[in-house]
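Structure below is query.pdb: PDB, C-alpha atoms.
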ATOM      1  CA  MET A   1      17.250  98.603 201.984
ATOM      2  CA  SER A   2      20.621  98.433 203.702
ATOM      3  CA  SER A   3      23.699  97.152 201.889
ATOM      4  CA  LEU A   4      24.580  95.412 205.129
ATOM      5  CA  SER A   5      21.398  93.301 205.016
ATOM      6  CA  SER A   6      22.788  91.326 202.086
ATOM      7  CA  ALA A   7      25.541  89.923 204.305
ATOM      8  CA  ASN A   8      26.763  86.433 203.572
ATOM      9  CA  LYS A   9      24.846  84.278 206.086
ATOM     10  CA  LYS A  10      27.356  81.400 205.831
ATOM     11  CA  ARG A  11      30.059  83.571 207.371
ATOM     12  CA  LYS A  12      31.297  82.723 210.841
ATOM     13  CA  ILE A  13      30.071  85.320 213.345
ATOM     14  CA  VAL A  14      33.030  87.346 214.619
ATOM     15  CA  ALA A  15      32.866  89.868 217.451
ATOM     16  CA  PRO A  16      33.210  93.490 216.243
ATOM     17  CA  ALA A  17      36.445  94.010 218.203
ATOM     18  CA  ASP A  18      37.925  90.889 216.626
ATOM     19  CA  GLN A  19      36.757  91.952 213.194
ATOM     20  CA  LEU A  20      38.334  95.390 213.674
ATOM     21  CA  HIS A  21      41.599  93.626 214.492
ATOM     22  CA  VAL A  22      41.234  91.523 211.318
ATOM     23  CA  ILE A  23      40.697  94.694 209.237
ATOM     24  CA  GLN A  24      43.814  96.293 210.703
ATOM     25  CA  LYS A  25      45.836  93.104 210.160
ATOM     26  CA  LEU A  26      44.709  92.780 206.542
ATOM     27  CA  GLU A  27      45.530  96.410 205.819
ATOM     28  CA  ALA A  28      49.004  95.964 207.324
ATOM     29  CA  GLN A  29      49.541  92.787 205.280
ATOM     30  CA  LEU A  30      48.433  94.504 202.102
ATOM     31  CA  THR A  31      50.588  97.565 202.757
ATOM     32  CA  ALA A  32      53.614  95.297 203.192
ATOM     33  CA  ALA A  33      52.638  93.263 200.115
ATOM     34  CA  VAL A  34      52.417  96.370 197.926
ATOM     35  CA  GLU A  35      55.847  97.502 199.101
ATOM     36  CA  ALA A  36      57.326  94.025 198.581
ATOM     37  CA  LYS A  37      55.437  93.498 195.291
ATOM     38  CA  SER A  38      54.047  90.238 196.678
ATOM     39  CA  SER A  39      50.613  88.614 196.814
ATOM     40  CA  LEU A  40      47.600  90.867 197.229
ATOM     41  CA  ASN A  41      45.180  88.006 197.895
ATOM     42  CA  ALA A  42      44.209  89.580 201.235
ATOM     43  CA  LEU A  43      42.525  92.317 199.181
ATOM     44  CA  ALA A  44      39.646  89.918 198.488
ATOM     45  CA  ASP A  45      39.299  89.211 202.229
ATOM     46  CA  LEU A  46      39.220  92.905 203.105
ATOM     47  CA  LEU A  47      36.668  93.561 200.370
ATOM     48  CA  ASP A  48      34.550  90.687 201.703
ATOM     49  CA  ILE A  49      34.534  92.262 205.165
ATOM     50  CA  ALA A  50      33.555  95.643 203.724
ATOM     51  CA  THR A  51      30.646  94.154 201.791
ATOM     52  CA  SER A  52      29.385  91.725 204.414
ATOM     53  CA  ALA A  53      29.938  93.465 207.757
ATOM     54  CA  ASP A  54      26.790  93.538 209.892
ATOM     55  CA  ASP A  55      27.933  96.726 211.601
ATOM     56  CA  ALA A  56      28.075 100.089 209.801
ATOM     57  CA  ALA A  57      31.150 101.198 211.767
ATOM     58  CA  LEU A  58      33.084  98.061 210.790
ATOM     59  CA  SER A  59      32.010  98.379 207.184
ATOM     60  CA  SER A  60      33.223 101.975 207.239
ATOM     61  CA  LYS A  61      36.597 100.960 208.732
ATOM     62  CA  ALA A  62      37.038  98.337 206.007
ATOM     63  CA  ILE A  63      36.016 100.797 203.271
ATOM     64  CA  PHE A  64      38.618 103.334 204.408
ATOM     65  CA  ALA A  65      41.261 100.601 204.738
ATOM     66  CA  LEU A  66      40.490  99.566 201.151
ATOM     67  CA  TYR A  67      40.794 103.174 200.051
ATOM     68  CA  ARG A  68      44.273 103.465 201.594
ATOM     69  CA  VAL A  69      45.365 100.147 200.065
ATOM     70  CA  PHE A  70      44.065 101.033 196.595
ATOM     71  CA  VAL A  71      45.908 104.365 196.751
ATOM     72  CA  LEU A  72      49.121 102.454 197.528
ATOM     73  CA  ILE A  73      48.466  99.984 194.709
ATOM     74  CA  ILE A  74      47.808 102.750 192.195
ATOM     75  CA  ASN A  75      50.831 104.770 193.330
ATOM     76  CA  SER A  76      53.040 101.673 193.110
ATOM     77  CA  GLY A  77      52.347 101.377 189.376
ATOM     78  CA  ALA A  78      50.727  97.953 189.719
ATOM     79  CA  LEU A  79      47.966  99.037 187.351
ATOM     80  CA  SER A  80      50.303 100.320 184.651
ATOM     81  CA  VAL A  81      49.829  98.962 181.146
ATOM     82  CA  SER A  82      53.287  97.411 180.770
ATOM     83  CA  GLY A  83      54.178  93.850 181.709
ATOM     84  CA  ASN A  84      54.037  90.223 180.665
ATOM     85  CA  ASP A  85      51.004  87.914 180.652
ATOM     86  CA  GLY A  86      51.387  87.158 184.372
ATOM     87  CA  THR A  87      51.462  90.847 185.194
ATOM     88  CA  LYS A  88      48.399  91.417 183.011
ATOM     89  CA  THR A  89      46.518  88.659 184.840
ATOM     90  CA  VAL A  90      47.341  90.197 188.225
ATOM     91  CA  ARG A  91      46.399  93.651 186.950
ATOM     92  CA  MET A  92      43.012  92.372 185.744
ATOM     93  CA  TRP A  93      42.424  90.692 189.126
ATOM     94  CA  ILE A  94      43.193  93.985 190.896
ATOM     95  CA  TYR A  95      40.883  95.864 188.514
ATOM     96  CA  GLU A  96      38.094  93.389 189.327
ATOM     97  CA  ARG A  97      38.553  94.068 193.072
ATOM     98  CA  LEU A  98      38.673  97.820 192.378
ATOM     99  CA  ASN A  99      35.445  97.531 190.374
ATOM    100  CA  SER A 100      33.786  95.648 193.242
ATOM    101  CA  TYR A 101      34.943  98.368 195.636
ATOM    102  CA  THR A 102      33.546 101.056 193.338
ATOM    103  CA  GLU A 103      30.217  99.204 193.118
ATOM    104  CA  LEU A 104      30.130  99.034 196.918
ATOM    105  CA  LEU A 105      30.694 102.788 197.186
ATOM    106  CA  VAL A 106      27.999 103.523 194.599
ATOM    107  CA  GLY A 107      25.603 101.239 196.477
ATOM    108  CA  LEU A 108      26.270 103.122 199.693
ATOM    109  CA  LEU A 109      25.037 106.317 198.085
ATOM    110  CA  HIS A 110      21.534 104.829 198.257
ATOM    111  CA  ASP A 111      21.864 102.926 201.542
ATOM    112  CA  ASP A 112      19.178 103.218 204.212
ATOM    113  CA  GLU A 113      21.910 103.179 206.868
ATOM    114  CA  HIS A 114      22.530 106.902 207.253
ATOM    115  CA  THR A 115      26.067 106.423 208.607
ATOM    116  CA  LEU A 116      27.066 104.745 205.347
ATOM    117  CA  ARG A 117      25.590 107.282 202.966
ATOM    118  CA  VAL A 118      27.793 109.905 201.427
ATOM    119  CA  ARG A 119      26.254 113.317 201.714
ATOM    120  CA  PRO A 120      27.215 115.993 199.218
ATOM    121  CA  HIS A 121      28.906 119.045 200.656
ATOM    122  CA  HIS A 122      27.225 122.306 199.752
ATOM    123  CA  SER A 123      29.336 125.356 198.988
TER     124      SER A 123
END

Before we go any further, please render this structure as structure tokens.
Amino acid sequence: MSSLSSANKKRKIVAPADQLHVIQKLEAQLTAAVEAKSSLNALADLLDIATSADDAALSSKAIFALYRVFVLIINSGALSVSGNDGTKTVRMWIYERLNSYTELLVGLLHDDEHTLRVRPHHS
């Protein structure tokens, strides 16, 4: 069973080229937001695209964009233990998105879509 087959059917159909542009725009917004320490709400949108894309190539683009954004978030210290209650709430929200991303990656290990599966490298 393909992870892509569980796509949200209520979603508006968007052409792949337009969706690729949306992925790039969201990644740029998130990169700027991490640097400015502003809202990361677009992270949920990018994760939604990664989990609901009907096209393996688009899903892959979104997955790699999420990877780059999460690396920036982690390197920025946004997941550090210190902070007030507001910071803790944001940190928990980010952890929830990171957990969803991790679940997506684990699901892809068993995906029928061969372009989405991760194949182990043999030494």

Check the smallest atom-to-atom distance from each of A:Ala42, A:Ala50, A:Val69, A:Val34 to Leu20 in chain A using only C-alpha atoms, then report the winner.
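Closest residue, counting only C-alpha atoms: A:Ala50.
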
Pick from A:Thr51, A:Ser39, A:Ser100, A:Leu58: nearest to Ala17 in chain A, with all atoms listed in the file counted?
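Among the listed residues, A:Leu58 lies closest to Ala17 in chain A.
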
Neighbouring residues of Leu79 in chain A were defined as those with any atom within 12 Å, considering all atoms listed in the file; residues of the same chain fewer than 6 positions away were excluded. Please report them as a list in words.
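Near neighbours after the sequence-gap exclusion: Val34, Phe70, Val71, Leu72, Ile73, Thr87, Lys88, Thr89, Val90, Arg91, Met92, Trp93, Ile94, Tyr95, Glu96 and Leu98 of chain A.
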
Neighbouring residues of Lys25 in chain A were defined as those with any atom within 12 Å, considering all atoms listed in the file; residues of the same chain fewer than 5 positions away were excluded. Please report them as a ChimeraX atom specification.
/A:18-20,30-32,42-43,45-46,62,65

With only C-alpha atoms as the counted atoms, please give the residues lying no more than 10 Å from Lys61 in chain A, apart from itself and same-chain residues fewer than 4 positions off, as a count of residues only.
10

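With distances taken over all atoms listed in the file, A:Glu27 is the one residue among A:Glu27, A:Asp85, A:Glu35, A:Asp48 lying closest to Phe64 in chain A.
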
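Distances to Asn41 in chain A were evaluated for A:Val106, A:Ala53, A:Asn75, A:Leu26 using all atoms listed in the file, and the minimum falls at A:Leu26.
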
Which distance in Å separates CA of Ser59 in chain A and CA of Arg97 in chain A, to one decimal?
16.1 Å

Mind giving me the straight-line distance from CA of Gly107 in chain A to CA of Ala78 in chain A in Å, one decimal?
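According to the coordinates, CA of Gly107 in chain A and CA of Ala78 in chain A are separated by 26.2 Å.
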
Option closest in space to Tyr101 in chain A, from A:Ser52, A:Leu47, A:Ser60, A:Ser82 [counting all atoms listed in the file]:
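Result for the nearest residue to Tyr101 in chain A: A:Leu47.
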
Just how far from CA of Gly77 in chain A is CA of Ala36 in chain A, in Å to one decimal?
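CA of Gly77 in chain A lies 12.8 Å from CA of Ala36 in chain A.
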
Edge lengths and centre in Å, axis-aligned, range 19-23 of chain A plus 6 Å each side, as lines of an AutoDock Vina configuration file:
center_x = 39.2
center_y = 93.5
center_z = 211.9
size_x = 16.8
size_y = 15.9
size_z = 17.3

So which one's closest to Leu105 in chain A, A:Arg68, A:Val22, A:Ser38, A:Ile63? Using only C-alpha atoms, please.
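When distances to Leu105 in chain A are compared using only C-alpha atoms, the smallest one comes from A:Ile63.
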
Atoms are missing here; could range 71-91 of chain A be completed with N, CA, C and O atoms and written as a PDB file, in the coordinates of the input?
ATOM      1  N   VAL A  71      45.021 103.234 197.042  1.00  0.00           N
ATOM      2  CA  VAL A  71      45.908 104.365 196.751  1.00  0.00           C
ATOM      3  C   VAL A  71      47.352 103.874 196.654  1.00  0.00           C
ATOM      4  O   VAL A  71      48.086 104.244 195.728  1.00  0.00           O
ATOM      5  N   LEU A  72      47.758 103.011 197.580  1.00  0.00           N
ATOM      6  CA  LEU A  72      49.121 102.454 197.528  1.00  0.00           C
ATOM      7  C   LEU A  72      49.339 101.643 196.255  1.00  0.00           C
ATOM      8  O   LEU A  72      50.391 101.740 195.618  1.00  0.00           O
ATOM      9  N   ILE A  73      48.353 100.826 195.909  1.00  0.00           N
ATOM     10  CA  ILE A  73      48.466  99.984 194.709  1.00  0.00           C
ATOM     11  C   ILE A  73      48.608 100.857 193.463  1.00  0.00           C
ATOM     12  O   ILE A  73      49.475 100.622 192.616  1.00  0.00           O
ATOM     13  N   ILE A  74      47.762 101.863 193.365  1.00  0.00           N
ATOM     14  CA  ILE A  74      47.808 102.750 192.195  1.00  0.00           C
ATOM     15  C   ILE A  74      49.137 103.488 192.146  1.00  0.00           C
ATOM     16  O   ILE A  74      49.775 103.567 191.095  1.00  0.00           O
ATOM     17  N   ASN A  75      49.567 104.028 193.288  1.00  0.00           N
ATOM     18  CA  ASN A  75      50.831 104.770 193.330  1.00  0.00           C
ATOM     19  C   ASN A  75      52.050 103.891 193.080  1.00  0.00           C
ATOM     20  O   ASN A  75      53.082 104.389 192.632  1.00  0.00           O
ATOM     21  N   SER A  76      51.917 102.587 193.329  1.00  0.00           N
ATOM     22  CA  SER A  76      53.040 101.673 193.110  1.00  0.00           C
ATOM     23  C   SER A  76      53.243 101.350 191.632  1.00  0.00           C
ATOM     24  O   SER A  76      54.254 100.769 191.254  1.00  0.00           O
ATOM     25  N   GLY A  77      52.250 101.680 190.799  1.00  0.00           N
ATOM     26  CA  GLY A  77      52.347 101.377 189.376  1.00  0.00           C
ATOM     27  C   GLY A  77      51.837  99.995 189.019  1.00  0.00           C
ATOM     28  O   GLY A  77      51.984  99.550 187.882  1.00  0.00           O
ATOM     29  N   ALA A  78      51.212  99.311 189.968  1.00  0.00           N
ATOM     30  CA  ALA A  78      50.727  97.953 189.719  1.00  0.00           C
ATOM     31  C   ALA A  78      49.638  97.897 188.655  1.00  0.00           C
ATOM     32  O   ALA A  78      49.384  96.836 188.089  1.00  0.00           O
ATOM     33  N   LEU A  79      49.018  99.016 188.370  1.00  0.00           N
ATOM     34  CA  LEU A  79      47.966  99.037 187.351  1.00  0.00           C
ATOM     35  C   LEU A  79      48.446  99.617 186.027  1.00  0.00           C
ATOM     36  O   LEU A  79      47.650  99.870 185.128  1.00  0.00           O
ATOM     37  N   SER A  80      49.766  99.789 185.903  1.00  0.00           N
ATOM     38  CA  SER A  80      50.303 100.320 184.651  1.00  0.00           C
ATOM     39  C   SER A  80      50.127  99.302 183.530  1.00  0.00           C
ATOM     40  O   SER A  80      50.001  98.106 183.762  1.00  0.00           O
ATOM     41  N   VAL A  81      50.135  99.784 182.318  1.00  0.00           N
ATOM     42  CA  VAL A  81      49.829  98.962 181.146  1.00  0.00           C
ATOM     43  C   VAL A  81      50.943  97.983 180.789  1.00  0.00           C
ATOM     44  O   VAL A  81      50.699  96.948 180.201  1.00  0.00           O
ATOM     45  N   SER A  82      52.165  98.270 181.159  1.00  0.00           N
ATOM     46  CA  SER A  82      53.287  97.411 180.770  1.00  0.00           C
ATOM     47  C   SER A  82      53.293  96.097 181.549  1.00  0.00           C
ATOM     48  O   SER A  82      52.659  95.975 182.583  1.00  0.00           O
ATOM     49  N   GLY A  83      54.007  95.111 181.010  1.00  0.00           N
ATOM     50  CA  GLY A  83      54.178  93.850 181.709  1.00  0.00           C
ATOM     51  C   GLY A  83      53.900  92.650 180.835  1.00  0.00           C
ATOM     52  O   GLY A  83      53.375  92.756 179.735  1.00  0.00           O
ATOM     53  N   ASN A  84      54.254  91.481 181.379  1.00  0.00           N
ATOM     54  CA  ASN A  84      54.037  90.223 180.665  1.00  0.00           C
ATOM     55  C   ASN A  84      52.636  89.692 180.951  1.00  0.00           C
ATOM     56  O   ASN A  84      51.831  90.347 181.616  1.00  0.00           O
ATOM     57  N   ASP A  85      52.339  88.483 180.480  1.00  0.00           N
ATOM     58  CA  ASP A  85      51.004  87.914 180.652  1.00  0.00           C
ATOM     59  C   ASP A  85      50.656  87.728 182.125  1.00  0.00           C
ATOM     60  O   ASP A  85      49.513  87.951 182.529  1.00  0.00           O
ATOM     61  N   GLY A  86      51.628  87.327 182.941  1.00  0.00           N
ATOM     62  CA  GLY A  86      51.387  87.158 184.372  1.00  0.00           C
ATOM     63  C   GLY A  86      51.036  88.470 185.033  1.00  0.00           C
ATOM     64  O   GLY A  86      50.124  88.548 185.867  1.00  0.00           O
ATOM     65  N   THR A  87      51.726  89.515 184.651  1.00  0.00           N
ATOM     66  CA  THR A  87      51.462  90.847 185.194  1.00  0.00           C
ATOM     67  C   THR A  87      50.079  91.322 184.760  1.00  0.00           C
ATOM     68  O   THR A  87      49.351  91.924 185.545  1.00  0.00           O
ATOM     69  N   LYS A  88      49.713  91.020 183.518  1.00  0.00           N
ATOM     70  CA  LYS A  88      48.399  91.417 183.011  1.00  0.00           C
ATOM     71  C   LYS A  88      47.284  90.688 183.764  1.00  0.00           C
ATOM     72  O   LYS A  88      46.243  91.280 184.064  1.00  0.00           O
ATOM     73  N   THR A  89      47.505  89.433 184.093  1.00  0.00           N
ATOM     74  CA  THR A  89      46.518  88.659 184.840  1.00  0.00           C
ATOM     75  C   THR A  89      46.321  89.249 186.231  1.00  0.00           C
ATOM     76  O   THR A  89      45.187  89.423 186.692  1.00  0.00           O
ATOM     77  N   VAL A  90      47.413  89.578 186.895  1.00  0.00           N
ATOM     78  CA  VAL A  90      47.341  90.197 188.225  1.00  0.00           C
ATOM     79  C   VAL A  90      46.646  91.549 188.136  1.00  0.00           C
ATOM     80  O   VAL A  90      45.779  91.877 188.965  1.00  0.00           O
ATOM     81  N   ARG A  91      46.999  92.336 187.127  1.00  0.00           N
ATOM     82  CA  ARG A  91      46.399  93.651 186.950  1.00  0.00           C
ATOM     83  C   ARG A  91      44.885  93.527 186.762  1.00  0.00           C
ATOM     84  O   ARG A  91      44.106  94.281 187.351  1.00  0.00           O
TER      85      ARG A  91
END
